[in-house]
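Asks: Okay, here's the structure, questions in a sec.
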Amino acid sequence: MVVPSPNHPIHNQKERIKSIGVPVIDLSNKRSIVSDSIVKACEEYGFFKVINHGVSKDIISKMENEGHDFFAKPSLEKLKAGPATPLGYGIKNIGFNGDFGEVEYLLLHTNPLSISQRSKSISNDPIKFSNVVNDYIEAVRDLTCEILELIAEGLWVPDKSIFSKLIRDVDSDSIIRINHYPSSLQHMSDNNNRIGFGAHTDPQILNLLRSNDVDGFQISVEDGVWVPVPSDPAAFYVNVGDALQALTNGRFSSVKHRVLTNSNKSARMSMIYFGTPPLHACISPIPELVTPQKPSQYRPFTWDEYKKATYALRLSDHRLNLFSVQQQSE
Ligand SMILES: C=C1C[C@]23C[C@@]1(O)CC[C@H]2[C@@]12CC[C@H](O)[C@@](C)(C(=O)O1)[C@H]2[C@@H]3C(=O)O
Ligand SMILES: O=C(O)CCC(=O)C(=O)O
Ligand SMILES: [Fe+2]
């Protein structure tokens, strides 16, 4: 496990992440070490990589094949699964407020009924597609919940399922996204630094990203400083979302990230599971992290309220600020 040592001579956060790399959490290590390291990574960067995660290679490769098969279809076929409103197939348009990127994607709700209905316009073998996607969702949901339980342990919260139960709830609003960034070699002449997916934080609780071996993902550790994250198809990258920042009363930060498509020889394909609470769930800082020294930073809000605010804004807008107590009393 490569976690920045507290005695490391490099103190600057940007220099540290550049020289040591993003924290790597080996889930096969001793549980107490793992939970402490995850909490540290969430506090410092809101981002880390997990290895020895236990998700079967077979489940991952079947899901990747379904993605390949879909994006390899002719455009007119793919458009039958769209437009993304917000769910479905989308190309270049992201959200409803004028964001664009060099990306095409499938955005799906993780509810099995929803997957089964959507699969008819996505795949020539909808039953196979549904089975593969449902197996992947089950595996990544379990891993997300395991990480959330480790986080609760690392924070010494008595209820270990305080975060994971929001995602395990049958009404969870979790979604899954497959992004496909065509190779940018054909665009080299006009601009070799194209935005695949513009800078943003994710609104949800905790998200798991897995990609093929094509780079492009970057995180921002300081305003304006972008750190490239090398792709690793065998690992999952985990990022803290806005809802977990609010639940932890700002102790964890939701990491800003983006994707560039510059100079890639092949297409990047990523699959992201967004662990999300039910619409009716109330998000407010957990009591254990509210103290006289650190009073509540966010007013309570429902996921429904937050989702509506998200979709009314653009990718790069700071939506969590709207729910901050400081902002309201100013
Ligand atoms: C421009 C937008 C797309 C987005 C909804 C939003 O209005 C602002 C946040 C965007 C984002 C980023 C993370 C996820 O990919 C996503 C599904 C989400 O929940 O918030 C997207 C939204 C989207 O693409 O629909
Ligand atoms: O496709 C990627 O690698 C990341 C995209 C992303 O951040 C998102 O879909 O929210
Ligand atoms: Fe994202």
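Labels for the structure tokens follow display order: chains A, B, ..., residues from 1 in each chain, ligands from 1.
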Which residues are close to A:Ile195, i.e. within 10 Å by only C-alpha atoms, leaving aside same-chain residues fewer than 5 positions away? Reply as a ChimeraX atom specification.

Replies: /A:100-103,181,216,258-262

Asks: Taking only C-alpha atoms and all ligand atoms and a cut-off of 6 Å, can you tell me which residues surround ligand 1, written as a PyMOL selection string?

Replies: chain A and resi 86+94-95+99+202-203+310-315

Asks: Export N, CA and C atoms of the chosen residues as a PDB file, in the first residue's frame?

Replies:
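What landed in selection.pdb:
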```
ATOM      1  N   PRO A  86     -32.299  12.429 -18.010  1.00  0.00           N
ATOM      2  CA  PRO A  86     -30.866  12.290 -18.242  1.00  0.00           C
ATOM      3  C   PRO A  86     -30.456  10.853 -18.560  1.00  0.00           C
ATOM      4  N   ILE A  94     -23.911  17.033 -22.321  1.00  0.00           N
ATOM      5  CA  ILE A  94     -23.875  16.518 -20.949  1.00  0.00           C
ATOM      6  C   ILE A  94     -24.828  17.379 -20.126  1.00  0.00           C
ATOM      7  N   GLY A  95     -25.848  16.763 -19.556  1.00  0.00           N
ATOM      8  CA  GLY A  95     -26.842  17.520 -18.788  1.00  0.00           C
ATOM      9  C   GLY A  95     -27.701  18.370 -19.705  1.00  0.00           C
ATOM     10  N   ASP A  99     -23.521  21.981 -21.402  1.00  0.00           N
ATOM     11  CA  ASP A  99     -22.176  21.382 -21.306  1.00  0.00           C
ATOM     12  C   ASP A  99     -21.979  20.383 -22.453  1.00  0.00           C
ATOM     13  N   ASP A 202     -18.682  14.985  -8.301  1.00  0.00           N
ATOM     14  CA  ASP A 202     -19.865  14.131  -8.447  1.00  0.00           C
ATOM     15  C   ASP A 202     -20.809  14.404  -7.283  1.00  0.00           C
ATOM     16  N   PRO A 203     -22.101  14.501  -7.557  1.00  0.00           N
ATOM     17  CA  PRO A 203     -23.044  14.851  -6.483  1.00  0.00           C
ATOM     18  C   PRO A 203     -23.311  13.735  -5.462  1.00  0.00           C
ATOM     19  N   THR A 310     -28.754  20.030  -8.745  1.00  0.00           N
ATOM     20  CA  THR A 310     -27.683  19.590  -9.654  1.00  0.00           C
ATOM     21  C   THR A 310     -28.091  19.776 -11.102  1.00  0.00           C
ATOM     22  N   TYR A 311     -29.282  19.295 -11.414  1.00  0.00           N
ATOM     23  CA  TYR A 311     -29.714  19.351 -12.814  1.00  0.00           C
ATOM     24  C   TYR A 311     -30.104  20.744 -13.277  1.00  0.00           C
ATOM     25  N   ALA A 312     -30.233  21.673 -12.313  1.00  0.00           N
ATOM     26  CA  ALA A 312     -30.531  23.054 -12.716  1.00  0.00           C
ATOM     27  C   ALA A 312     -29.233  23.811 -13.010  1.00  0.00           C
ATOM     28  N   LEU A 313     -28.089  23.163 -12.690  1.00  0.00           N
ATOM     29  CA  LEU A 313     -26.799  23.861 -12.805  1.00  0.00           C
ATOM     30  C   LEU A 313     -25.931  23.214 -13.873  1.00  0.00           C
ATOM     31  N   ARG A 314     -24.777  23.853 -14.111  1.00  0.00           N
ATOM     32  CA  ARG A 314     -23.826  23.301 -15.075  1.00  0.00           C
ATOM     33  C   ARG A 314     -22.811  22.429 -14.357  1.00  0.00           C
ATOM     34  N   LEU A 315     -22.049  21.668 -15.156  1.00  0.00           N
ATOM     35  CA  LEU A 315     -21.069  20.736 -14.611  1.00  0.00           C
ATOM     36  C   LEU A 315     -20.170  21.351 -13.543  1.00  0.00           C
TER      37      LEU A 315
END
```

Asks: Could you name the residues that touch stretch 266-273 of chain A at 6 Å or less, counting only C-alpha atoms, but leaving out those on the same chain fewer than 2 positions away, as a VMD selection string?

Replies: chain A and resid 176 to 183 207 to 212 214 264

Asks: With only C-alpha atoms as the basis for distance, which of A:Leu113, A:Ala281, A:Leu87, A:Ala152 is at the shortest distance from A:Ile175?

Replies: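 Ranked by minimum distance to A:Ile175, first place goes to A:Leu87.
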
Asks: Would you mind reading off the distance between atom CA of A:Leu155 and atom CA of A:Asn249, one decimal, in Å?

Replies: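 We find that atom CA of A:Leu155 and atom CA of A:Asn249 lie 12.2 Å from each other.
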
Asks: Enter the distance from atom CA of A:Pro112 to atom CA of A:Lys307, in Å, rounded to one decimal.

Replies: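 Result for atom CA of A:Pro112 versus atom CA of A:Lys307: 21.1 Å, one decimal.
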
Asks: If you run DSSP on this backbone, which residues of stretch 90-266 of chain A come out as strand (DSSP E), and could you give them as a VMD selection string?

Replies: chain A and resid 90 to 94 99 to 109 175 to 181 195 to 200 206 to 211 217 to 222 225 to 228 236 to 240 256 to 260

Asks: Let me see the file: selected residues, C-alpha atoms, as a short mmCIF file (atom, residue, chain, number, x, y, z; two decimals), in the first residue's frame.

Replies:
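That gives us again_13.cif:
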```
data_model
loop_
_atom_site.label_atom_id
_atom_site.label_comp_id
_atom_site.auth_asym_id
_atom_site.auth_seq_id
_atom_site.Cartn_x
_atom_site.Cartn_y
_atom_site.Cartn_z
CA GLY A 90 -26.13 10.67 -25.00
CA ILE A 91 -23.52 12.05 -27.35
CA LYS A 92 -21.52 15.23 -26.69
CA ASN A 93 -24.34 16.89 -24.70
CA ILE A 94 -23.87 16.52 -20.95
CA ASP A 99 -22.18 21.38 -21.31
CA PHE A 100 -20.41 19.52 -24.12
CA GLY A 101 -17.62 16.98 -24.26
CA GLU A 102 -15.92 14.62 -26.71
CA VAL A 103 -17.82 11.70 -25.24
CA GLU A 104 -20.71 9.39 -25.90
CA TYR A 105 -22.31 7.55 -23.02
CA LEU A 106 -24.99 5.32 -21.61
CA LEU A 107 -26.50 6.45 -18.32
CA LEU A 108 -28.71 3.88 -16.57
CA HIS A 109 -30.59 3.61 -13.29
CA ILE A 175 -26.87 4.99 -11.41
CA ILE A 176 -24.30 3.48 -13.72
CA ARG A 177 -22.58 5.23 -16.57
CA ILE A 178 -20.45 3.90 -19.43
CA ASN A 179 -18.42 6.65 -21.10
CA HIS A 180 -16.72 6.22 -24.46
CA TYR A 181 -14.16 8.81 -25.56
CA ILE A 195 -12.24 18.13 -23.13
CA GLY A 196 -13.80 14.70 -22.90
CA PHE A 197 -15.73 15.42 -19.70
CA GLY A 198 -15.44 18.87 -18.16
CA ALA A 199 -14.36 19.64 -14.60
CA HIS A 200 -16.90 18.78 -11.93
CA LEU A 206 -19.20 7.34 -3.17
CA ASN A 207 -18.39 6.39 -6.76
CA LEU A 208 -16.35 3.56 -8.27
CA LEU A 209 -14.62 4.11 -11.60
CA ARG A 210 -13.04 1.41 -13.72
CA SER A 211 -11.56 2.03 -17.16
CA PHE A 217 -8.65 11.09 -16.23
CA GLN A 218 -7.31 13.91 -14.05
CA ILE A 219 -8.02 15.15 -10.55
CA SER A 220 -7.60 18.63 -9.15
CA VAL A 221 -5.81 18.67 -5.80
CA GLU A 222 -5.47 22.42 -5.67
CA VAL A 225 -3.61 22.21 -10.73
CA TRP A 226 -4.53 19.06 -12.60
CA VAL A 227 -2.88 15.74 -11.77
CA PRO A 228 -3.15 12.98 -14.41
CA PHE A 236 -11.07 0.67 -9.15
CA TYR A 237 -10.70 4.37 -8.53
CA VAL A 238 -12.92 5.64 -5.75
CA ASN A 239 -14.08 9.21 -5.31
CA VAL A 240 -15.94 11.00 -2.56
CA LYS A 256 -12.89 17.81 -8.67
CA HIS A 257 -12.05 15.76 -11.79
CA ARG A 258 -12.23 15.82 -15.58
CA VAL A 259 -11.25 13.78 -18.64
CA LEU A 260 -9.06 14.97 -21.54
#
```

Asks: Show me, as a ChimeraX atom specification, the residues that have an atom within 12 Å of A:Ala309 when counting only C-alpha atoms, minus same-chain residues fewer than 3 positions from it.

Replies: /A:203,301-306,312-315,317-323

Asks: Given the selection you just returned, output its residues as a file containing C-alpha atoms, formatted as a PDB file, in the first residue's frame.

Replies:
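Output (part.pdb):
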```pdb
ATOM      1  CA  PRO A 203     -23.044  14.851  -6.483  1.00  0.00           C
ATOM      2  CA  PHE A 301     -31.484  18.406   2.559  1.00  0.00           C
ATOM      3  CA  THR A 302     -33.071  15.479   0.752  1.00  0.00           C
ATOM      4  CA  TRP A 303     -31.338  13.753  -2.161  1.00  0.00           C
ATOM      5  CA  ASP A 304     -34.368  14.786  -4.262  1.00  0.00           C
ATOM      6  CA  GLU A 305     -33.655  18.453  -3.457  1.00  0.00           C
ATOM      7  CA  TYR A 306     -29.959  18.056  -4.218  1.00  0.00           C
ATOM      8  CA  ALA A 312     -30.531  23.054 -12.716  1.00  0.00           C
ATOM      9  CA  LEU A 313     -26.799  23.861 -12.805  1.00  0.00           C
ATOM     10  CA  ARG A 314     -23.826  23.301 -15.075  1.00  0.00           C
ATOM     11  CA  LEU A 315     -21.069  20.736 -14.611  1.00  0.00           C
ATOM     12  CA  ASP A 317     -21.030  24.911 -10.689  1.00  0.00           C
ATOM     13  CA  HIS A 318     -20.484  24.628  -6.933  1.00  0.00           C
ATOM     14  CA  ARG A 319     -23.823  23.164  -5.976  1.00  0.00           C
ATOM     15  CA  LEU A 320     -22.935  22.111  -2.390  1.00  0.00           C
ATOM     16  CA  ASN A 321     -22.349  25.763  -1.488  1.00  0.00           C
ATOM     17  CA  LEU A 322     -26.097  26.323  -1.888  1.00  0.00           C
ATOM     18  CA  PHE A 323     -26.627  24.077   1.125  1.00  0.00           C
TER      19      PHE A 323
END
```

Asks: Can you tell me, as a PyMOL selection string, what residues are no more than 10 Å from A:Asn124 when counting only C-alpha atoms, ignoring any on the same chain fewer than 4 positions away?

Replies: chain A and resi 69-70+119-120+128-129

Asks: Given the selection you just returned, output its residues as a file containing N, CA and C atoms, formatted as a compact mmCIF listing (two decimals), in the first residue's frame.

Replies:
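As a result, out_2.txt now contains:
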```txt
# COMPACT_ATOMS: atom_id res chain seq x y z
N ASP A 69 -19.64 -3.56 -27.53
CA ASP A 69 -20.63 -3.95 -28.55
C ASP A 69 -21.59 -2.78 -28.79
N PHE A 70 -22.00 -2.12 -27.71
CA PHE A 70 -22.95 -1.02 -27.90
C PHE A 70 -22.31 0.13 -28.68
N SER A 119 -32.76 -2.15 -21.71
CA SER A 119 -31.90 -3.08 -22.46
C SER A 119 -32.45 -3.36 -23.86
N LYS A 120 -33.78 -3.23 -24.01
CA LYS A 120 -34.40 -3.54 -25.31
C LYS A 120 -33.91 -2.61 -26.42
N LYS A 128 -29.39 -11.04 -22.04
CA LYS A 128 -27.95 -11.18 -21.71
C LYS A 128 -27.45 -9.84 -21.16
N PHE A 129 -27.78 -8.74 -21.86
CA PHE A 129 -27.32 -7.41 -21.43
C PHE A 129 -27.76 -7.16 -19.98
```

Asks: Could you please write out, as a PyMOL selection string, every residue of stretch 67-280 of chain A that DSSP assigns to helix (DSSP H, G or I)?

Replies: chain A and resi 67-71+75-79+112-122+126-154+164-168+185-187+242-247

Asks: Find the residues near A:Val133: any atom within 10 Å, counting only C-alpha atoms, skip ones fewer than 3 places away on the same chain, and give them as a list in words.

Replies: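 Contacts, with the query itself left out: Ile59, Ile60, Lys62, Met63, Glu64, Glu66, Gly67, Leu108, Thr110, Pro112, Ile115, Ser116, Ser119, Ile127, Lys128, Phe129, Ser130, Tyr136, Ile137, Glu138, Ala139 and Ile176 of chain A.
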
Asks: Kindly save the residues from that selection, with N, CA and C atoms included, as a tab-separated table (two decimals), in the first residue's frame.

Replies:
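Listed below is the output, again_4.tsv:
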```
chain	number	residue	atom	x	y	z
A	59	ILE	N	-16.83	-10.87	-14.42
A	59	ILE	CA	-17.94	-9.89	-14.35
A	59	ILE	C	-17.51	-8.59	-15.03
A	60	ILE	N	-16.26	-8.17	-14.78
A	60	ILE	CA	-15.77	-6.92	-15.36
A	60	ILE	C	-15.65	-7.05	-16.88
A	62	LYS	N	-17.12	-9.08	-18.97
A	62	LYS	CA	-18.43	-9.21	-19.65
A	62	LYS	C	-19.09	-7.83	-19.78
A	63	MET	N	-18.96	-7.05	-18.71
A	63	MET	CA	-19.55	-5.69	-18.74
A	63	MET	C	-18.83	-4.84	-19.79
A	64	GLU	N	-17.51	-4.97	-19.83
A	64	GLU	CA	-16.73	-4.20	-20.80
A	64	GLU	C	-17.13	-4.59	-22.23
A	66	GLU	N	-20.03	-5.68	-23.24
A	66	GLU	CA	-21.34	-5.10	-23.57
A	66	GLU	C	-21.17	-3.64	-23.98
A	67	GLY	N	-20.28	-2.94	-23.28
A	67	GLY	CA	-20.01	-1.54	-23.63
A	67	GLY	C	-19.44	-1.43	-25.03
A	108	LEU	N	-27.60	4.78	-16.94
A	108	LEU	CA	-28.71	3.88	-16.57
A	108	LEU	C	-28.97	3.90	-15.08
A	110	THR	N	-29.85	1.91	-11.68
A	110	THR	CA	-29.43	0.54	-11.35
A	110	THR	C	-30.60	-0.38	-10.97
A	112	PRO	N	-33.22	-3.03	-11.30
A	112	PRO	CA	-33.27	-4.10	-12.30
A	112	PRO	C	-34.42	-3.95	-13.31
A	115	ILE	N	-33.31	-1.43	-15.83
A	115	ILE	CA	-32.27	-2.01	-16.72
A	115	ILE	C	-32.95	-2.89	-17.77
A	116	SER	N	-33.90	-3.70	-17.31
A	116	SER	CA	-34.54	-4.64	-18.23
A	116	SER	C	-35.32	-3.87	-19.31
A	119	SER	N	-32.76	-2.15	-21.71
A	119	SER	CA	-31.90	-3.08	-22.46
A	119	SER	C	-32.45	-3.36	-23.86
A	127	ILE	N	-31.76	-9.80	-22.78
A	127	ILE	CA	-31.71	-10.59	-21.53
A	127	ILE	C	-30.26	-10.74	-21.07
A	128	LYS	N	-29.39	-11.04	-22.04
A	128	LYS	CA	-27.95	-11.18	-21.71
A	128	LYS	C	-27.45	-9.84	-21.16
A	129	PHE	N	-27.78	-8.74	-21.86
A	129	PHE	CA	-27.32	-7.41	-21.43
A	129	PHE	C	-27.76	-7.16	-19.98
A	130	SER	N	-29.05	-7.40	-19.69
A	130	SER	CA	-29.56	-7.15	-18.33
A	130	SER	C	-28.81	-7.99	-17.30
A	136	TYR	N	-22.77	-6.93	-12.66
A	136	TYR	CA	-21.74	-5.91	-12.41
A	136	TYR	C	-22.20	-4.96	-11.30
A	137	ILE	N	-23.47	-4.54	-11.42
A	137	ILE	CA	-24.00	-3.60	-10.41
A	137	ILE	C	-23.95	-4.22	-9.01
A	138	GLU	N	-24.34	-5.48	-8.93
A	138	GLU	CA	-24.34	-6.14	-7.61
A	138	GLU	C	-22.92	-6.17	-7.03
A	139	ALA	N	-21.95	-6.49	-7.90
A	139	ALA	CA	-20.55	-6.58	-7.44
A	139	ALA	C	-20.01	-5.22	-7.01
A	176	ILE	N	-25.54	3.98	-13.14
A	176	ILE	CA	-24.30	3.48	-13.72
A	176	ILE	C	-24.12	4.16	-15.07
```

Asks: In terms of the shortest atom-to-atom distance over only C-alpha atoms and all ligand atoms, which of A:Val140, A:Val55, A:Pro74, A:Val255 is closest to ligand 3?

Replies: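 The closest residue to ligand 3 is A:Val255.
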
Asks: What does the structure give for the distance between atom CA of A:Pro278 and atom CA of A:Asp169, in Å to one decimal?

Replies: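 Going from atom CA of A:Pro278 over to atom CA of A:Asp169, I get 7.0 Å.
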
Asks: My list of candidates is A:Lys57, A:His280, A:Lys165, A:Lys30. Which is closest to A:Glu146 when distances are computed with only C-alpha atoms?

Replies: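 Counting only C-alpha atoms, the residue closest to A:Glu146 is A:Lys165.
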
Asks: Compare A:Asn29, A:Ser121, A:Ser324, A:Ser284 by their minimum atom-to-atom distance to A:Glu77, counting only C-alpha atoms, and give me the closest one.

Replies: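 Answer, going by the shortest atom-to-atom distance: A:Ser121.
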
Asks: Taking only C-alpha atoms into account, which of A:Gly98, A:Gly154, A:Gly224, A:Pro83 comes nearest A:Ala41?

Replies: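 The answer is A:Gly154, which sits nearest to A:Ala41.
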